[in-house]
Amino acid sequence: MTDLTSPLHLPGWTHTYSGKVRDLYVPENGDDSVLLVVASNRVSAFDHVLEPPIPGKGALLTSLSNWWFSQLDRPNHLIAPTAGIPEVPESVADRAMLSRRLEMYPIECVVRGALTGSGYAEYARTGAVCGIELPEGIVDGDLLDTPIYTPAYKAPLGEHDENISFERSVELVGADVAAALRDAALEIFTFARARAAERGVVLADTKFEFGRDPRTGELVLADEVLTSDSSRYWDAAAYENEALPRAERLASFDKQIVRNWLAANWDRTGEPPVLPEEIVAQTRARYQELSDRLTTGA
């Protein structure tokens, strides 16, 4: 399996952390206000990093994040190169984000405009999602009349994130911050859902991460935003075609192909199997198609 402890050596930068997909670096000169966030081609599912990686995935995620950042009228973590900051190495330039360092909140700000996945599973058991009571009779994949905010506690690497109620998020970060996170997430989702609809794509759900700028106290949108890894998108034409099987209507522009293959070929004990070449190719094609449709309207 992919070794997260062997990051790239980048001149001028010191590696500090590796997540399932991203590697973080700080300047060798000791500047603690700057981070270099490098998206790898790694792919994870069921809390495992898989082999082989998806070629070009890191660049696709980064370019899509950057495009969304440019569309959103909201402070984000991106900064421009300036004197005193090491150059971004050419080897990772297409998949790196030069970022201001933030105090990250331990909340994944999940917004659901449709009910599917873990949200639908919770609803089927309890009639609610993260403490939000919902009407009876919702079917997997149904759009919600009003998007709902269903936060999660960000677990350490290798552990499961925990869906929490809004009240629990207040306990974690305070009432004012919890409300600001919720309101920002819902506002961004509403804008992005409308923009995606213009491109024939349904934004079903997504998650955002925010941090606090330690110098200004400003709430800042960070990490990736509205990418295939952080969001569930459906083809609008397929979704609206009720003659299609539900699986085809809800086929997402992400790594669901990987999840489906693993679910059929692995019992979740021991190390997961190596992904076949055709699954890798199909997954990359879905990432590419979404990026093309959103950013160019193709």
# chains A, B, ... in the order shown; residues from 1 in each chain; ligands from 1
$ select_by_dssp --residues "region 168-248 of chain A" --states "alpha helix (DSSP H)" --output "NGL selection string"
:A and (168-173 or 175-198 or 236-240 or 246-248)
$ residues_around --residues "Gly270 (chain A)" --least-positions-apart "3" --cutoff "12 Å" --atoms "only C-alpha atoms" --output "list in words"
Met1, His48, Trp266, Asp267 and Pro273 of chain A
$ closest_atom_pairs --of "region 177-296 of chain A" --to "region 98-110 of chain A" --cutoff "9 Å" --atoms "only C-alpha atoms" --output "JSON lines"
{"residue": "A:Ala178", "atom": "CA", "partner": "A:Ile107", "partner_atom": "CA", "distance": 8.9}
{"residue": "A:Leu181", "atom": "CA", "partner": "A:Cys109", "partner_atom": "CA", "distance": 6.9}
{"residue": "A:Arg182", "atom": "CA", "partner": "A:Cys109", "partner_atom": "CA", "distance": 6.9}
{"residue": "A:Ala185", "atom": "CA", "partner": "A:Cys109", "partner_atom": "CA", "distance": 6.3}
{"residue": "A:Leu186", "atom": "CA", "partner": "A:Val110", "partner_atom": "CA", "distance": 8.9}
{"residue": "A:Asp205", "atom": "CA", "partner": "A:Val110", "partner_atom": "CA", "distance": 7.3}
{"residue": "A:Thr206", "atom": "CA", "partner": "A:Val110", "partner_atom": "CA", "distance": 5.7}
{"residue": "A:Lys207", "atom": "CA", "partner": "A:Val110", "partner_atom": "CA", "distance": 4.1}
{"residue": "A:Phe208", "atom": "CA", "partner": "A:Cys109", "partner_atom": "CA", "distance": 4.9}
{"residue": "A:Glu209", "atom": "CA", "partner": "A:Glu108", "partner_atom": "CA", "distance": 5.6}
{"residue": "A:Phe210", "atom": "CA", "partner": "A:Met104", "partner_atom": "CA", "distance": 6.1}
{"residue": "A:Gly211", "atom": "CA", "partner": "A:Met104", "partner_atom": "CA", "distance": 3.9}
{"residue": "A:Arg212", "atom": "CA", "partner": "A:Glu103", "partner_atom": "CA", "distance": 5.0}
{"residue": "A:Asp213", "atom": "CA", "partner": "A:Leu102", "partner_atom": "CA", "distance": 5.0}
{"residue": "A:Pro214", "atom": "CA", "partner": "A:Leu102", "partner_atom": "CA", "distance": 6.4}
{"residue": "A:Val220", "atom": "CA", "partner": "A:Leu102", "partner_atom": "CA", "distance": 8.0}
{"residue": "A:Ala222", "atom": "CA", "partner": "A:Leu102", "partner_atom": "CA", "distance": 8.4}
{"residue": "A:Asp223", "atom": "CA", "partner": "A:Ser99", "partner_atom": "CA", "distance": 9.0}
$ write_last_selection --atoms "C-alpha atoms" --output "compact mmCIF listing (two decimals), in the first residue's frame"
# COMPACT_ATOMS: atom_id res chain seq x y z
CA ALA A 178 -20.62 27.18 14.88
CA LEU A 181 -19.56 27.85 9.84
CA ARG A 182 -23.12 26.71 9.20
CA ALA A 185 -21.41 26.45 4.24
CA LEU A 186 -25.07 26.81 3.30
CA ASP A 205 -23.78 17.15 -1.27
CA THR A 206 -20.38 18.46 -0.28
CA LYS A 207 -18.14 19.28 2.66
CA PHE A 208 -16.18 22.41 3.43
CA GLU A 209 -13.37 23.11 5.85
CA PHE A 210 -12.68 26.47 7.43
CA GLY A 211 -9.96 27.97 9.55
CA ARG A 212 -9.29 31.11 11.52
CA ASP A 213 -6.62 33.52 10.38
CA PRO A 214 -4.56 33.97 13.58
CA VAL A 220 -11.32 31.52 5.90
CA ALA A 222 -9.54 26.29 3.19
CA ASP A 223 -8.34 22.97 1.81
$ residues_around --residues "region 228-245 of chain A" --least-positions-apart "3" --cutoff "7 Å" --atoms "only C-alpha atoms" --output "count of residues only"
17
$ closest_residue --among "A:Asp94, A:Asp161, A:Asp32, A:Glu87" --to "Leu64 (chain A)" --atoms "only C-alpha atoms"
A:Asp94
$ residues_around --residues "Leu143 (chain A)" --least-positions-apart "2" --cutoff "7 Å" --atoms "only C-alpha atoms" --output "list in words"
Gly113, Ala114, Leu115, Gly141 and Asp145 of chain A
$ residues_around --residues "Lys57 (chain A)" --least-positions-apart "3" --cutoff "9 Å" --atoms "only C-alpha atoms" --output "MDAnalysis selection string"
chainID A and resid 39:43 53:54 60:62 95 284 287:288
$ write_last_selection --atoms "N, CA and C atoms" --output "PDB file, in the first residue's frame"
ATOM      1  N   ALA A  39      -1.532  18.204  -3.511  1.00  0.00           N
ATOM      2  CA  ALA A  39      -2.489  17.119  -3.727  1.00  0.00           C
ATOM      3  C   ALA A  39      -1.790  15.976  -4.455  1.00  0.00           C
ATOM      4  N   SER A  40      -1.836  14.801  -3.879  1.00  0.00           N
ATOM      5  CA  SER A  40      -1.227  13.635  -4.503  1.00  0.00           C
ATOM      6  C   SER A  40      -2.228  12.975  -5.456  1.00  0.00           C
ATOM      7  N   ASN A  41      -1.783  11.923  -6.101  1.00  0.00           N
ATOM      8  CA  ASN A  41      -2.673  11.123  -6.937  1.00  0.00           C
ATOM      9  C   ASN A  41      -3.261   9.943  -6.165  1.00  0.00           C
ATOM     10  N   ARG A  42      -3.030   9.930  -4.846  1.00  0.00           N
ATOM     11  CA  ARG A  42      -3.544   8.819  -4.042  1.00  0.00           C
ATOM     12  C   ARG A  42      -5.075   8.809  -4.064  1.00  0.00           C
ATOM     13  N   VAL A  43      -5.618   7.609  -3.923  1.00  0.00           N
ATOM     14  CA  VAL A  43      -7.068   7.459  -3.822  1.00  0.00           C
ATOM     15  C   VAL A  43      -7.352   6.595  -2.599  1.00  0.00           C
ATOM     16  N   PRO A  53      -2.237   4.638  -7.562  1.00  0.00           N
ATOM     17  CA  PRO A  53      -2.861   5.968  -7.579  1.00  0.00           C
ATOM     18  C   PRO A  53      -3.555   6.234  -8.911  1.00  0.00           C
ATOM     19  N   ILE A  54      -4.332   7.299  -8.941  1.00  0.00           N
ATOM     20  CA  ILE A  54      -5.061   7.690 -10.157  1.00  0.00           C
ATOM     21  C   ILE A  54      -4.241   8.757 -10.890  1.00  0.00           C
ATOM     22  N   LEU A  60      -6.027  17.562 -11.269  1.00  0.00           N
ATOM     23  CA  LEU A  60      -7.436  17.817 -11.538  1.00  0.00           C
ATOM     24  C   LEU A  60      -8.137  18.393 -10.309  1.00  0.00           C
ATOM     25  N   LEU A  61      -7.863  17.823  -9.135  1.00  0.00           N
ATOM     26  CA  LEU A  61      -8.480  18.334  -7.917  1.00  0.00           C
ATOM     27  C   LEU A  61      -8.049  19.772  -7.645  1.00  0.00           C
ATOM     28  N   THR A  62      -6.767  20.041  -7.837  1.00  0.00           N
ATOM     29  CA  THR A  62      -6.243  21.375  -7.557  1.00  0.00           C
ATOM     30  C   THR A  62      -6.813  22.411  -8.521  1.00  0.00           C
ATOM     31  N   ARG A  95      -0.248  20.854  -9.000  1.00  0.00           N
ATOM     32  CA  ARG A  95      -1.089  20.239  -7.965  1.00  0.00           C
ATOM     33  C   ARG A  95      -0.784  20.782  -6.571  1.00  0.00           C
ATOM     34  N   ARG A 284     -10.375   7.980 -13.402  1.00  0.00           N
ATOM     35  CA  ARG A 284      -9.759   9.209 -13.888  1.00  0.00           C
ATOM     36  C   ARG A 284     -10.655   9.920 -14.901  1.00  0.00           C
ATOM     37  N   TYR A 287     -13.300  11.952 -13.105  1.00  0.00           N
ATOM     38  CA  TYR A 287     -12.732  13.190 -12.565  1.00  0.00           C
ATOM     39  C   TYR A 287     -12.564  14.226 -13.676  1.00  0.00           C
ATOM     40  N   GLN A 288     -12.028  13.786 -14.806  1.00  0.00           N
ATOM     41  CA  GLN A 288     -11.773  14.702 -15.925  1.00  0.00           C
ATOM     42  C   GLN A 288     -13.073  15.257 -16.484  1.00  0.00           C
TER      43      GLN A 288
END
$ closest_residue --among "A:Thr216, A:Arg112, A:Val139, A:Arg168" --to "Thr190 (chain A)" --atoms "only C-alpha atoms"
A:Arg112
$ select_by_dssp --residues "region 20-237 of chain A" --states "strand (DSSP E or B)" --output "compact mmCIF listing (two decimals) with N, CA and C atoms, in the first residue's frame"
# COMPACT_ATOMS: atom_id res chain seq x y z
N ARG A 22 -3.49 14.59 0.68
CA ARG A 22 -2.64 15.77 0.61
C ARG A 22 -1.42 15.70 1.51
N ASP A 23 -0.35 16.35 1.06
CA ASP A 23 0.88 16.47 1.84
C ASP A 23 1.09 17.96 2.13
N LEU A 24 1.52 18.25 3.35
CA LEU A 24 1.73 19.63 3.77
C LEU A 24 3.22 19.89 3.98
N TYR A 25 3.65 21.08 3.56
CA TYR A 25 5.04 21.50 3.69
C TYR A 25 5.08 22.92 4.25
N VAL A 26 6.17 23.23 4.96
CA VAL A 26 6.41 24.58 5.46
C VAL A 26 7.76 25.05 4.91
N PRO A 27 7.96 26.36 4.82
CA PRO A 27 9.24 26.86 4.31
C PRO A 27 10.40 26.46 5.21
N VAL A 34 3.00 30.35 6.38
CA VAL A 34 2.78 29.84 5.03
C VAL A 34 2.78 28.32 5.02
N LEU A 35 1.92 27.75 4.18
CA LEU A 35 1.91 26.30 3.94
C LEU A 35 1.90 26.05 2.43
N LEU A 36 2.51 24.95 2.03
CA LEU A 36 2.37 24.45 0.68
C LEU A 36 1.55 23.18 0.77
N VAL A 37 0.38 23.18 0.14
CA VAL A 37 -0.53 22.05 0.17
C VAL A 37 -0.44 21.34 -1.18
N VAL A 38 0.04 20.11 -1.16
CA VAL A 38 0.27 19.37 -2.40
C VAL A 38 -0.70 18.21 -2.48
N ALA A 39 -1.53 18.20 -3.51
CA ALA A 39 -2.49 17.12 -3.73
C ALA A 39 -1.79 15.98 -4.45
N VAL A 43 -5.62 7.61 -3.92
CA VAL A 43 -7.07 7.46 -3.82
C VAL A 43 -7.35 6.60 -2.60
N SER A 44 -8.34 7.01 -1.83
CA SER A 44 -8.70 6.26 -0.62
C SER A 44 -10.16 5.87 -0.67
N ALA A 45 -10.47 4.78 0.01
CA ALA A 45 -11.85 4.32 0.15
C ALA A 45 -11.91 3.41 1.37
N HIS A 48 -8.90 3.37 3.71
CA HIS A 48 -7.62 2.81 3.27
C HIS A 48 -7.13 3.60 2.06
N VAL A 49 -5.84 3.85 2.00
CA VAL A 49 -5.22 4.40 0.80
C VAL A 49 -4.88 3.22 -0.11
N LEU A 50 -5.27 3.34 -1.37
CA LEU A 50 -5.24 2.21 -2.29
C LEU A 50 -4.11 2.32 -3.30
N ASN A 76 -10.38 33.05 1.15
CA ASN A 76 -9.87 31.68 1.10
C ASN A 76 -8.39 31.66 1.46
N LEU A 78 -5.72 30.81 -0.24
CA LEU A 78 -4.69 31.00 -1.27
C LEU A 78 -3.96 32.33 -1.09
N ALA A 96 -0.25 21.99 -6.52
CA ALA A 96 0.10 22.59 -5.24
C ALA A 96 -0.64 23.91 -5.06
N MET A 97 -1.01 24.19 -3.81
CA MET A 97 -1.62 25.46 -3.46
C MET A 97 -0.77 26.14 -2.40
N LEU A 98 -0.34 27.36 -2.69
CA LEU A 98 0.40 28.17 -1.73
C LEU A 98 -0.63 28.84 -0.83
N SER A 99 -0.55 28.56 0.46
CA SER A 99 -1.65 28.91 1.35
C SER A 99 -1.16 29.64 2.60
N ARG A 100 -2.02 30.49 3.13
CA ARG A 100 -1.73 31.05 4.44
C ARG A 100 -2.06 30.01 5.50
N GLU A 103 -5.64 28.45 11.74
CA GLU A 103 -6.03 27.59 12.86
C GLU A 103 -7.31 26.88 12.43
N MET A 104 -7.18 25.62 12.02
CA MET A 104 -8.30 24.92 11.42
C MET A 104 -9.31 24.48 12.48
N ILE A 107 -14.16 20.76 12.43
CA ILE A 107 -15.51 20.48 11.93
C ILE A 107 -15.47 20.34 10.41
N GLU A 108 -16.02 19.25 9.90
CA GLU A 108 -16.29 19.17 8.47
C GLU A 108 -17.71 19.70 8.27
N CYS A 109 -17.81 20.74 7.47
CA CYS A 109 -19.08 21.43 7.28
C CYS A 109 -19.82 20.80 6.10
N VAL A 110 -20.59 19.78 6.39
CA VAL A 110 -21.27 19.00 5.36
C VAL A 110 -22.63 19.62 5.07
N VAL A 111 -22.92 19.81 3.78
CA VAL A 111 -24.23 20.29 3.35
C VAL A 111 -24.80 19.26 2.38
N ARG A 112 -26.06 18.92 2.61
CA ARG A 112 -26.74 17.93 1.78
C ARG A 112 -27.93 18.57 1.08
N GLY A 113 -27.89 18.54 -0.25
CA GLY A 113 -29.03 18.99 -1.04
C GLY A 113 -29.86 17.83 -1.52
N ALA A 114 -29.35 16.63 -1.29
CA ALA A 114 -30.06 15.39 -1.59
C ALA A 114 -29.72 14.41 -0.49
N ALA A 128 -34.02 10.84 10.82
CA ALA A 128 -33.33 12.12 10.98
C ALA A 128 -31.89 11.99 10.49
N VAL A 129 -31.23 13.13 10.27
CA VAL A 129 -29.81 13.17 9.93
C VAL A 129 -29.15 14.21 10.83
N ILE A 132 -31.50 16.33 12.69
CA ILE A 132 -32.50 17.07 11.92
C ILE A 132 -33.58 16.10 11.47
N GLU A 133 -34.80 16.27 12.00
CA GLU A 133 -35.93 15.43 11.63
C GLU A 133 -36.36 15.76 10.19
N LEU A 143 -33.97 14.73 -3.89
CA LEU A 143 -33.54 16.09 -3.56
C LEU A 143 -34.36 16.62 -2.40
N LEU A 144 -33.73 17.39 -1.56
CA LEU A 144 -34.40 18.01 -0.42
C LEU A 144 -34.90 19.38 -0.82
N ASP A 145 -36.07 19.76 -0.29
CA ASP A 145 -36.62 21.08 -0.62
C ASP A 145 -35.66 22.19 -0.19
N THR A 146 -35.03 22.00 0.96
CA THR A 146 -34.06 22.96 1.49
C THR A 146 -32.81 22.21 1.91
N PRO A 147 -31.63 22.62 1.46
CA PRO A 147 -30.40 21.93 1.89
C PRO A 147 -30.28 21.92 3.40
N ILE A 148 -29.67 20.88 3.94
CA ILE A 148 -29.48 20.78 5.38
C ILE A 148 -27.99 20.75 5.71
N TYR A 149 -27.66 21.30 6.86
CA TYR A 149 -26.29 21.35 7.35
C TYR A 149 -26.10 20.24 8.37
N ALA A 152 -19.71 17.24 10.79
CA ALA A 152 -19.00 16.05 11.26
C ALA A 152 -17.75 16.49 12.01
N TYR A 153 -17.38 15.70 12.99
CA TYR A 153 -16.12 15.93 13.71
C TYR A 153 -15.00 15.29 12.92
N GLU A 162 -16.93 11.54 12.60
CA GLU A 162 -18.14 11.30 13.38
C GLU A 162 -19.20 12.34 13.04
N ASN A 163 -20.33 11.90 12.50
CA ASN A 163 -21.44 12.82 12.27
C ASN A 163 -21.93 13.34 13.61
N VAL A 201 -25.26 19.65 -14.23
CA VAL A 201 -24.75 18.80 -13.16
C VAL A 201 -25.53 19.09 -11.88
N VAL A 202 -25.88 18.03 -11.16
CA VAL A 202 -26.55 18.17 -9.87
C VAL A 202 -25.50 18.06 -8.76
N LEU A 203 -25.40 19.10 -7.94
CA LEU A 203 -24.55 19.03 -6.75
C LEU A 203 -25.41 18.46 -5.62
N ALA A 204 -25.16 17.19 -5.28
CA ALA A 204 -25.99 16.51 -4.28
C ALA A 204 -25.56 16.86 -2.86
N ASP A 205 -24.28 16.81 -2.60
CA ASP A 205 -23.78 17.15 -1.27
C ASP A 205 -22.30 17.48 -1.35
N THR A 206 -21.79 18.10 -0.30
CA THR A 206 -20.38 18.46 -0.28
C THR A 206 -19.96 18.71 1.16
N LYS A 207 -18.65 18.88 1.35
CA LYS A 207 -18.14 19.28 2.66
C LYS A 207 -17.12 20.40 2.48
N PHE A 208 -17.13 21.31 3.42
CA PHE A 208 -16.18 22.41 3.43
C PHE A 208 -15.37 22.36 4.71
N GLU A 209 -14.17 22.95 4.65
CA GLU A 209 -13.37 23.11 5.85
C GLU A 209 -12.97 24.58 5.95
N PHE A 210 -13.00 25.07 7.17
CA PHE A 210 -12.68 26.47 7.43
C PHE A 210 -11.63 26.57 8.53
N GLY A 211 -10.92 27.68 8.50
CA GLY A 211 -9.96 27.97 9.55
C GLY A 211 -10.06 29.43 9.97
N ARG A 212 -9.36 29.74 11.03
CA ARG A 212 -9.29 31.11 11.52
C ARG A 212 -7.92 31.67 11.22
N LEU A 219 -12.71 34.35 9.28
CA LEU A 219 -13.12 33.00 8.91
C LEU A 219 -12.72 32.77 7.46
N VAL A 220 -11.93 31.72 7.22
CA VAL A 220 -11.32 31.52 5.90
C VAL A 220 -11.66 30.12 5.37
N LEU A 221 -12.13 30.06 4.13
CA LEU A 221 -12.38 28.80 3.44
C LEU A 221 -11.05 28.18 3.05
N ALA A 222 -10.86 26.90 3.36
CA ALA A 222 -9.54 26.29 3.19
C ALA A 222 -9.65 24.90 2.57
N SER A 231 -17.15 16.20 -2.79
CA SER A 231 -18.53 16.48 -3.20
C SER A 231 -19.10 15.31 -3.99
N ARG A 232 -20.41 15.25 -4.01
CA ARG A 232 -21.10 14.25 -4.83
C ARG A 232 -21.88 14.99 -5.92
N TYR A 233 -21.50 14.73 -7.15
CA TYR A 233 -22.16 15.34 -8.30
C TYR A 233 -22.81 14.25 -9.15
N TRP A 234 -23.98 14.57 -9.72
CA TRP A 234 -24.66 13.66 -10.63
C TRP A 234 -24.91 14.36 -11.97
N ASP A 235 -24.96 13.58 -13.03
CA ASP A 235 -25.34 14.10 -14.34
C ASP A 235 -26.83 14.41 -14.30
$ atom_distance --atom1 "CA of Lys20 (chain A)" --atom2 "CA of Phe46 (chain A)"
11.3 Å
$ atom_distance --atom1 "CA of Ile164 (chain A)" --atom2 "CA of Arg215 (chain A)"
29.3 Å
$ closest_residue --among "A:Ile85, A:Leu172, A:Glu187, A:Glu198" --to "Gly30 (chain A)" --atoms "only C-alpha atoms"
A:Ile85
$ closest_residue --among "A:Ile279, A:Leu72, A:Ala155, A:Leu294" --to "Pro52 (chain A)" --atoms "only C-alpha atoms"
A:Ile279
$ atom_distance --atom1 "CA of Arg199 (chain A)" --atom2 "CA of Ser70 (chain A)"
16.8 Å
